[in-house]
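Q: Sharing a structure, written as structure tokens. Questions coming.
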Amino acid sequence: MKNIKDFKGLYCLRPFTHIDITLDDRTACCCESWLPDFFGTGDIEKLTLEELWNSDRMQSLRQSVLDGTYSYCSKEKCPYLNSEEFRLYTRNELQQAAAADSRGEELEDSLLELKDHAPWIKNILDGRTFLKILPASFNLAYDETCNLRCPSCRQNNIVHTKGPEYERRRAVHKKLFDTLEKSGYENVRCFFVTGAGDPFASSIYREFLYNFDGTRYPQLKFFIMTNGMLLTPEVWEKMIKIHSNISNIFISIDAAAPETYERIRVNGNLNTLLKNIEFLGRKRKENTLNNLILAFIVQRKNYKEMVDIISIAKKYNSDQITFSGLDDWQTWERQEFNENAVCNPDHEEYSRFLEILKSPEFDDHIVNLGNITKHRVRALSV
């Protein structure tokens with residue numbers, strides 16, 4: 001686990017490269033729980049993409065990275081600031097990446113995330129907070145439509161297929177992509193689909209994934225985030241025009257037992273999901289899929305299945321199983337959230353949680369403990 005008090009001279013790329021496109025003045029550059037003091041940068045329904053990208057708030061966030069204070073960031077929850085699996089970069093590393101790009105050289109493995117990001121890296125090196133270049137990556141998070149109703153995420157089913165709220169989201173999608181069409185996709189590096197809901201439940205995102213011609217833009221990657229229930233072999237084939245652009249498929253699974261899965265992921269079926277994951281695992285083994293990642297949000301209902309989910313990930317050729325603590329999305333009353341937040345040291349089952357983290361299975365190279373890392377360090381020290 002990182003034990004860094006002073007982040008000066010260590011640079012996070014996200015405020016300089018990434019934007020989350022959301023509704024209701026919640027635009028940011030990463031997870032809301034990692035930026036508790038940021039409160040968004042503006043509303044895409046009222047502002048242009050350029051105005052959002054260079055708002056006063058966004059520039060202040062970049063300045064906090066440049067001066068090393070990270071004053072808007074949660075040092076507790078952000079995995080870039082408190083775990084080994086995610087990382088910040090030194091000025092020397094950024095200079096190496098920029099130089100390698102100018103000379104057309106390959107980067108060493110530890111710097112591969114910086115590949116093709118020279119224009120954005122130069123802004124960091126020059127200390128700029130106002131960026132003339134648009135974001136490299138976009139998290140499409142403006143349609144919350146989902147086929148599941150996970151209690152930690154939402155109290156009710158959210159499905160937008162018609163009516164004013166659907167038209168509102170379609171208008172945002174059109175506005176964003178009209179801008180990108182005009183500016184050109186040459187400087188776009190990645191689309192994250194989706195940071196809200198499920199991409200295959202949303203007709204907006206589904207049509208985008210089926211119809212975008214990725215063969216024209218080999219530098220552009222897709223990071224697909226899904227619950228996986230609807231990602232069948234048939235749906236995979238419908239995305240044929242972006243197959244070579246898909247860098248990651250990231251599936252939230254959150255349970256290793258069917259009964260647990262159905263409690264956590266309401267309307268879901270683990271056996272159906274595992275059939276889809278098995279298909280994707282075959283694609284991974286054939287190297288027709290670049291990366292398959294399973295994700296597990298740790299809570300009271302599932303923490304005893306953490307070791308079992310590692311076995312499932314390995315069985316289906318997953319590149320990574322990533323763990324993270326439960327975030328408070330204010331869908332539960334405070335007492336109910338506290339009862340489920342087993343990663344809280346004050347939780348009555350926290351000591352049992354630590355016992356599980358002592359398992360050697362967590363040393364497997366496919367395990368990414370993220371912000372659970374500090375708890376395992378504590379478990380191994382007891």
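Just remember, in the structure tokens the first chain shown is A, the second B, etc., residues are 1-based per chain, and ligands are 1-based in the order shown.
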Quick one: residues within 8 Å of range 23-30 of chain A, only C-alpha atoms, excluding same-chain residues fewer than 4 positions away - as a CSV table (one decimal) with all heavy atoms, in the first residue's frame?
A:
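Below you can see out_19.csv, which holds the result:
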```csv
chain,number,residue,atom,x,y,z
A,14,ARG,N,-5.8,12.1,-15.1
A,14,ARG,CA,-7.3,12.2,-15.4
A,14,ARG,C,-7.8,13.6,-15.6
A,14,ARG,O,-8.5,13.8,-16.6
A,14,ARG,CB,-8.1,11.4,-14.4
A,14,ARG,CG,-7.9,9.9,-14.4
A,14,ARG,CD,-8.7,9.2,-13.4
A,14,ARG,NE,-10.1,9.2,-13.7
A,14,ARG,CZ,-10.7,8.3,-14.4
A,14,ARG,NH1,-10.1,7.2,-14.8
A,14,ARG,NH2,-12.0,8.3,-14.6
A,15,PRO,N,-7.5,14.6,-14.8
A,15,PRO,CA,-8.0,15.9,-15.0
A,15,PRO,C,-7.5,16.5,-16.3
A,15,PRO,O,-8.1,17.5,-16.8
A,15,PRO,CB,-7.5,16.7,-13.8
A,15,PRO,CG,-7.2,15.7,-12.8
A,15,PRO,CD,-6.7,14.5,-13.5
A,18,HIS,N,-9.4,13.2,-19.3
A,18,HIS,CA,-10.6,12.4,-19.2
A,18,HIS,C,-11.8,13.3,-18.7
A,18,HIS,O,-11.6,14.2,-17.9
A,18,HIS,CB,-10.4,11.3,-18.2
A,18,HIS,CG,-11.6,10.4,-18.0
A,18,HIS,ND1,-11.9,9.4,-18.9
A,18,HIS,CD2,-12.6,10.5,-17.1
A,18,HIS,CE1,-13.0,8.8,-18.5
A,18,HIS,NE2,-13.5,9.4,-17.4
A,19,ILE,N,-13.0,13.0,-19.2
A,19,ILE,CA,-14.2,13.7,-18.8
A,19,ILE,C,-15.3,12.7,-18.7
A,19,ILE,O,-15.5,11.9,-19.5
A,19,ILE,CB,-14.5,14.9,-19.7
A,19,ILE,CG1,-15.6,15.8,-19.1
A,19,ILE,CG2,-15.0,14.4,-21.1
A,19,ILE,CD1,-15.7,17.1,-19.8
A,34,TRP,N,-14.5,9.7,-5.5
A,34,TRP,CA,-13.1,10.0,-5.4
A,34,TRP,C,-12.9,11.6,-5.4
A,34,TRP,O,-11.8,12.0,-5.1
A,34,TRP,CB,-12.3,9.5,-6.6
A,34,TRP,CG,-12.4,8.0,-6.7
A,34,TRP,CD1,-13.0,7.1,-5.8
A,34,TRP,CD2,-11.9,7.2,-7.8
A,34,TRP,NE1,-12.9,5.8,-6.3
A,34,TRP,CE2,-12.3,5.8,-7.5
A,34,TRP,CE3,-11.3,7.5,-9.0
A,34,TRP,CZ2,-11.9,4.8,-8.4
A,34,TRP,CZ3,-10.9,6.4,-9.8
A,34,TRP,CH2,-11.3,5.1,-9.5
A,35,LEU,N,-13.9,12.3,-5.8
A,35,LEU,CA,-13.8,13.8,-5.8
A,35,LEU,C,-14.9,14.4,-5.0
A,35,LEU,O,-15.8,15.1,-5.5
A,35,LEU,CB,-13.9,14.3,-7.3
A,35,LEU,CG,-12.7,14.2,-8.2
A,35,LEU,CD1,-13.1,14.6,-9.6
A,35,LEU,CD2,-11.6,15.0,-7.7
A,38,PHE,N,-15.5,18.3,-5.2
A,38,PHE,CA,-15.5,18.9,-6.5
A,38,PHE,C,-16.8,19.4,-7.0
A,38,PHE,O,-17.0,20.5,-7.5
A,38,PHE,CB,-14.9,17.9,-7.6
A,38,PHE,CG,-14.7,18.5,-8.9
A,38,PHE,CD1,-13.7,19.4,-9.1
A,38,PHE,CD2,-15.4,18.1,-10.0
A,38,PHE,CE1,-13.5,20.0,-10.4
A,38,PHE,CE2,-15.2,18.6,-11.3
A,38,PHE,CZ,-14.2,19.5,-11.4
A,39,PHE,N,-17.9,18.6,-6.8
A,39,PHE,CA,-19.2,19.0,-7.1
A,39,PHE,C,-19.5,19.4,-8.6
A,39,PHE,O,-20.3,20.2,-8.9
A,39,PHE,CB,-19.7,20.2,-6.2
A,39,PHE,CG,-19.6,19.8,-4.8
A,39,PHE,CD1,-18.7,20.5,-4.0
A,39,PHE,CD2,-20.4,18.9,-4.2
A,39,PHE,CE1,-18.6,20.2,-2.6
A,39,PHE,CE2,-20.3,18.6,-2.9
A,39,PHE,CZ,-19.4,19.3,-2.1
A,40,GLY,N,-18.8,18.8,-9.5
A,40,GLY,CA,-19.1,19.0,-10.9
A,40,GLY,C,-18.5,20.2,-11.5
A,40,GLY,O,-18.1,21.2,-10.8
A,41,THR,N,-18.5,20.3,-12.8
A,41,THR,CA,-17.9,21.4,-13.5
A,41,THR,C,-18.9,22.1,-14.4
A,41,THR,O,-18.6,23.1,-15.0
A,41,THR,CB,-16.7,20.9,-14.3
A,41,THR,OG1,-16.1,22.0,-14.9
A,41,THR,CG2,-17.1,19.9,-15.4
A,42,GLY,N,-20.1,21.6,-14.5
A,42,GLY,CA,-21.1,22.3,-15.4
A,42,GLY,C,-22.1,21.3,-16.0
A,42,GLY,O,-22.0,20.1,-15.7
A,43,ASP,N,-22.9,21.8,-16.8
A,43,ASP,CA,-24.0,21.0,-17.4
A,43,ASP,C,-23.9,21.0,-18.9
A,43,ASP,O,-24.0,22.1,-19.5
A,43,ASP,CB,-25.4,21.6,-16.9
A,43,ASP,CG,-26.5,20.8,-17.3
A,43,ASP,OD1,-26.4,19.9,-18.2
A,43,ASP,OD2,-27.6,20.9,-16.6
A,44,ILE,N,-23.8,19.9,-19.5
A,44,ILE,CA,-23.6,19.8,-21.0
A,44,ILE,C,-24.8,20.2,-21.7
A,44,ILE,O,-24.8,20.6,-22.9
A,44,ILE,CB,-23.2,18.4,-21.4
A,44,ILE,CG1,-22.7,18.4,-22.9
A,44,ILE,CG2,-24.3,17.4,-21.2
A,44,ILE,CD1,-22.0,17.2,-23.4
A,45,GLU,N,-26.0,20.3,-21.0
A,45,GLU,CA,-27.2,20.7,-21.7
A,45,GLU,C,-27.2,22.3,-21.9
A,45,GLU,O,-27.9,22.8,-22.7
A,45,GLU,CB,-28.4,20.3,-20.9
A,45,GLU,CG,-28.6,18.8,-20.9
A,45,GLU,CD,-29.8,18.4,-20.1
A,45,GLU,OE1,-29.7,18.3,-18.8
A,45,GLU,OE2,-30.9,18.2,-20.6
A,52,LEU,N,-17.2,23.2,-20.8
A,52,LEU,CA,-17.1,22.2,-19.7
A,52,LEU,C,-15.7,21.8,-19.4
A,52,LEU,O,-15.2,21.8,-18.2
A,52,LEU,CB,-17.9,20.9,-20.0
A,52,LEU,CG,-19.4,21.0,-20.0
A,52,LEU,CD1,-19.9,19.6,-20.5
A,52,LEU,CD2,-19.9,21.2,-18.6
A,58,MET,N,-12.8,23.0,-13.3
A,58,MET,CA,-11.9,22.0,-13.9
A,58,MET,C,-10.4,22.5,-13.8
A,58,MET,O,-9.5,21.7,-13.5
A,58,MET,CB,-12.3,21.6,-15.3
A,58,MET,CG,-11.5,20.5,-15.9
A,58,MET,SD,-11.9,18.9,-15.1
A,58,MET,CE,-13.4,18.4,-16.0
A,141,ALA,N,-22.0,8.8,-19.4
A,141,ALA,CA,-22.7,8.5,-18.2
A,141,ALA,C,-24.0,9.3,-18.1
A,141,ALA,O,-24.4,9.7,-17.0
A,141,ALA,CB,-21.8,8.8,-17.0
A,142,TYR,N,-24.7,9.5,-19.2
A,142,TYR,CA,-25.9,10.3,-19.2
A,142,TYR,C,-27.1,9.6,-19.4
A,142,TYR,O,-28.2,10.1,-19.4
A,142,TYR,CB,-25.8,11.4,-20.3
A,142,TYR,CG,-25.1,11.0,-21.6
A,142,TYR,CD1,-25.9,10.4,-22.6
A,142,TYR,CD2,-23.8,11.3,-21.8
A,142,TYR,CE1,-25.3,10.0,-23.8
A,142,TYR,CE2,-23.2,10.9,-23.0
A,142,TYR,CZ,-23.9,10.2,-24.0
A,142,TYR,OH,-23.4,9.8,-25.1
```
Q: Apply DSSP to the structure's backbone, then extract all residues of range 297-347 of chain A labelled alpha helix (DSSP H) and return them as a PyMOL selection string.
A: chain A and resi 306-315+334-340
Q: Could those residues be written to a file, using C-alpha atoms, as an mmCIF file, in the first residue's frame?
A:
```cif
data_model
loop_
_atom_site.group_PDB
_atom_site.id
_atom_site.type_symbol
_atom_site.label_atom_id
_atom_site.label_comp_id
_atom_site.auth_asym_id
_atom_site.auth_seq_id
_atom_site.Cartn_x
_atom_site.Cartn_y
_atom_site.Cartn_z
ATOM 1 C CA MET A 306 -14.245 -12.953 -2.282
ATOM 2 C CA VAL A 307 -11.955 -15.984 -2.536
ATOM 3 C CA ASP A 308 -14.527 -17.895 -4.601
ATOM 4 C CA ILE A 309 -14.801 -15.057 -7.123
ATOM 5 C CA ILE A 310 -11.043 -15.243 -7.704
ATOM 6 C CA SER A 311 -11.487 -18.896 -8.704
ATOM 7 C CA ILE A 312 -14.321 -17.969 -11.065
ATOM 8 C CA ALA A 313 -12.220 -15.233 -12.661
ATOM 9 C CA LYS A 314 -9.376 -17.678 -13.282
ATOM 10 C CA LYS A 315 -11.729 -20.373 -14.596
ATOM 11 C CA ARG A 334 -27.475 5.926 6.508
ATOM 12 C CA GLN A 335 -28.125 3.067 8.952
ATOM 13 C CA GLU A 336 -28.677 0.551 6.143
ATOM 14 C CA PHE A 337 -25.527 1.696 4.350
ATOM 15 C CA ASN A 338 -23.519 1.307 7.561
ATOM 16 C CA GLU A 339 -24.912 -2.193 8.044
ATOM 17 C CA ASN A 340 -23.698 -3.169 4.561
#
```
Q: Compile the contact shell of Lys221 in chain A as a list in words: residues with an atom at most 7 Å away, counting only C-alpha atoms, same-chain residues fewer than 6 positions apart removed.
A: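 Contacts, with the query itself left out: Arg189, Cys190, Phe191, Asn245, Ile246 and Ser247 of chain A.
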Q: Based on DSSP run over this structure's backbone, return all residues of range 98-175 of chain A in strand (DSSP E or B), as a ChimeraX atom specification.
A: /A:137-140,149
Q: Given the choices A:Ala118, A:Leu49, A:Leu107, A:Cys146, which gets closest to Lys175 in chain A if the distance is worked out from only C-alpha atoms?
A: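 Closest to Lys175 in chain A, using only C-alpha atoms: A:Leu49.
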Q: Counting only C-alpha atoms, which residue out of A:Leu134, A:Met229, A:Trp236, A:Trp53 sits closest to Leu209 in chain A?
A: A:Trp236
Q: For Ile297 in chain A, please output as a count of residues only all residues within 9 Å (counting only C-alpha atoms; exclusion window: fewer than 5 positions along the same chain).
A: 12
Q: Would you kindly return, as a list in words, each protein, DNA or RNA residue with an atom no farther than 9 Å from any atom of Phe200 in chain A, considering only C-alpha atoms and excluding same-chain residues fewer than 4 positions away?
A: Cys146, Asn147, Ile204, Tyr205, Arg206, Glu207, Leu209, Thr226, Gly228, Met229, Leu230, Leu231 and Val235 of chain A
Q: Given the selection you just returned, output its residues as a file containing N, CA, C and O atoms, formatted as a compact mmCIF listing (two decimals), in the first residue's frame.
A:
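Printed below is selection.txt as written:
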```
# COMPACT_ATOMS: atom_id res chain seq x y z
N CYS A 146 -31.02 0.68 -17.11
CA CYS A 146 -30.38 -0.59 -16.75
C CYS A 146 -31.43 -1.68 -16.65
O CYS A 146 -32.60 -1.42 -16.34
N ASN A 147 -31.01 -2.90 -16.92
CA ASN A 147 -31.89 -4.06 -16.81
C ASN A 147 -31.95 -4.60 -15.38
O ASN A 147 -32.82 -5.42 -15.07
N ILE A 204 -29.74 4.03 -26.57
CA ILE A 204 -28.81 5.06 -27.04
C ILE A 204 -27.40 4.48 -27.16
O ILE A 204 -26.74 4.59 -28.21
N TYR A 205 -26.92 3.86 -26.09
CA TYR A 205 -25.57 3.31 -26.11
C TYR A 205 -25.49 2.07 -27.01
O TYR A 205 -24.49 1.86 -27.70
N ARG A 206 -26.52 1.27 -27.00
CA ARG A 206 -26.53 0.05 -27.80
C ARG A 206 -26.39 0.37 -29.29
O ARG A 206 -25.57 -0.22 -30.00
N GLU A 207 -27.17 1.34 -29.75
CA GLU A 207 -27.07 1.75 -31.16
C GLU A 207 -25.69 2.30 -31.48
O GLU A 207 -25.14 2.05 -32.56
N LEU A 209 -22.81 1.46 -30.01
CA LEU A 209 -21.86 0.35 -30.06
C LEU A 209 -22.04 -0.50 -31.31
O LEU A 209 -21.07 -1.04 -31.85
N THR A 226 -20.28 -3.17 -17.96
CA THR A 226 -21.59 -3.78 -18.06
C THR A 226 -21.82 -4.76 -16.92
O THR A 226 -20.86 -5.25 -16.30
N GLY A 228 -23.20 -7.49 -17.77
CA GLY A 228 -22.96 -8.70 -18.55
C GLY A 228 -24.17 -9.55 -18.85
O GLY A 228 -24.08 -10.49 -19.66
N MET A 229 -25.31 -9.25 -18.24
CA MET A 229 -26.49 -10.11 -18.44
C MET A 229 -26.95 -10.13 -19.89
O MET A 229 -27.44 -11.14 -20.38
N LEU A 230 -26.79 -9.00 -20.58
CA LEU A 230 -27.29 -8.89 -21.96
C LEU A 230 -26.18 -9.06 -23.01
O LEU A 230 -26.46 -9.00 -24.21
N LEU A 231 -24.96 -9.26 -22.55
CA LEU A 231 -23.84 -9.38 -23.49
C LEU A 231 -23.70 -10.83 -23.96
O LEU A 231 -22.79 -11.57 -23.59
N VAL A 235 -25.12 -10.46 -29.30
CA VAL A 235 -24.81 -9.04 -29.11
C VAL A 235 -23.35 -8.77 -29.46
O VAL A 235 -23.02 -7.74 -30.08
```
Q: How many Å lie between CA of Gly281 in chain A and CA of Tyr316 in chain A, rounded to one decimal?
A: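 Those two atoms sit 4.9 Å apart.
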Q: A:Val377, A:Cys31, A:Leu94, A:Ile224: which is nearest Ser359 in chain A, counting only C-alpha atoms?
A: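 Among the listed residues, the smallest separation from Ser359 in chain A belongs to A:Val377.
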Q: Hey, could you make a per-residue contact list for range 7-115 of chain A against range 122-128 of chain A with 9 Å as the cut-off, showing the nearest pair of atoms and its distance in Å to one decimal, counting only C-alpha atoms, sorted by chain and number, as JSON lines?
A:
```
{"residue": "A:Tyr11", "atom": "CA", "partner": "A:Ile124", "partner_atom": "CA", "distance": 8.1}
{"residue": "A:Leu13", "atom": "CA", "partner": "A:Ile124", "partner_atom": "CA", "distance": 8.3}
{"residue": "A:Phe16", "atom": "CA", "partner": "A:Ile124", "partner_atom": "CA", "distance": 7.4}
{"residue": "A:Gln59", "atom": "CA", "partner": "A:Arg128", "partner_atom": "CA", "distance": 8.7}
{"residue": "A:Arg62", "atom": "CA", "partner": "A:Arg128", "partner_atom": "CA", "distance": 8.3}
{"residue": "A:Gln63", "atom": "CA", "partner": "A:Gly127", "partner_atom": "CA", "distance": 8.2}
{"residue": "A:Leu66", "atom": "CA", "partner": "A:Gly127", "partner_atom": "CA", "distance": 6.7}
{"residue": "A:Arg91", "atom": "CA", "partner": "A:Leu125", "partner_atom": "CA", "distance": 7.1}
{"residue": "A:Leu94", "atom": "CA", "partner": "A:Leu125", "partner_atom": "CA", "distance": 7.5}
{"residue": "A:Gln95", "atom": "CA", "partner": "A:Leu125", "partner_atom": "CA", "distance": 7.6}
{"residue": "A:Ala98", "atom": "CA", "partner": "A:Lys122", "partner_atom": "CA", "distance": 7.1}
```
Q: Near Ser71 in chain A, within 9 Å and counting only C-alpha atoms, which residues show up once chain neighbours fewer than 3 positions away are dropped, as a ChimeraX atom specification?
A: /A:37,61,64-65,68,74
Q: Would you kindly return, as a ChimeraX atom specification, each protein, DNA or RNA residue with an atom no farther than 12 Å from any atom of Pro79 in chain A, considering only C-alpha atoms and excluding same-chain residues fewer than 2 positions away?
A: /A:1-2,12,30-31,33-35,73-77,81-88,322-325,368-374
Q: Please measure the separation of CA of Pro218 in chain A and CA of Gly184 in chain A, giving the value in Å to one decimal.
A: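 Pair CA of Pro218 in chain A / CA of Gly184 in chain A returns 13.6 Å.
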Q: Hey, which of A:Ala196, A:Ala201, A:Leu270, A:Ile321 ends up closest to Ile249 in chain A? Count only C-alpha atoms.
A: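 Closest to Ile249 in chain A, using only C-alpha atoms: A:Ile321.
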Q: One decimal, Å: what's the distance from CA of Asn92 in chain A over to CA of Leu10 in chain A, could you say?
A: 9.9 Å
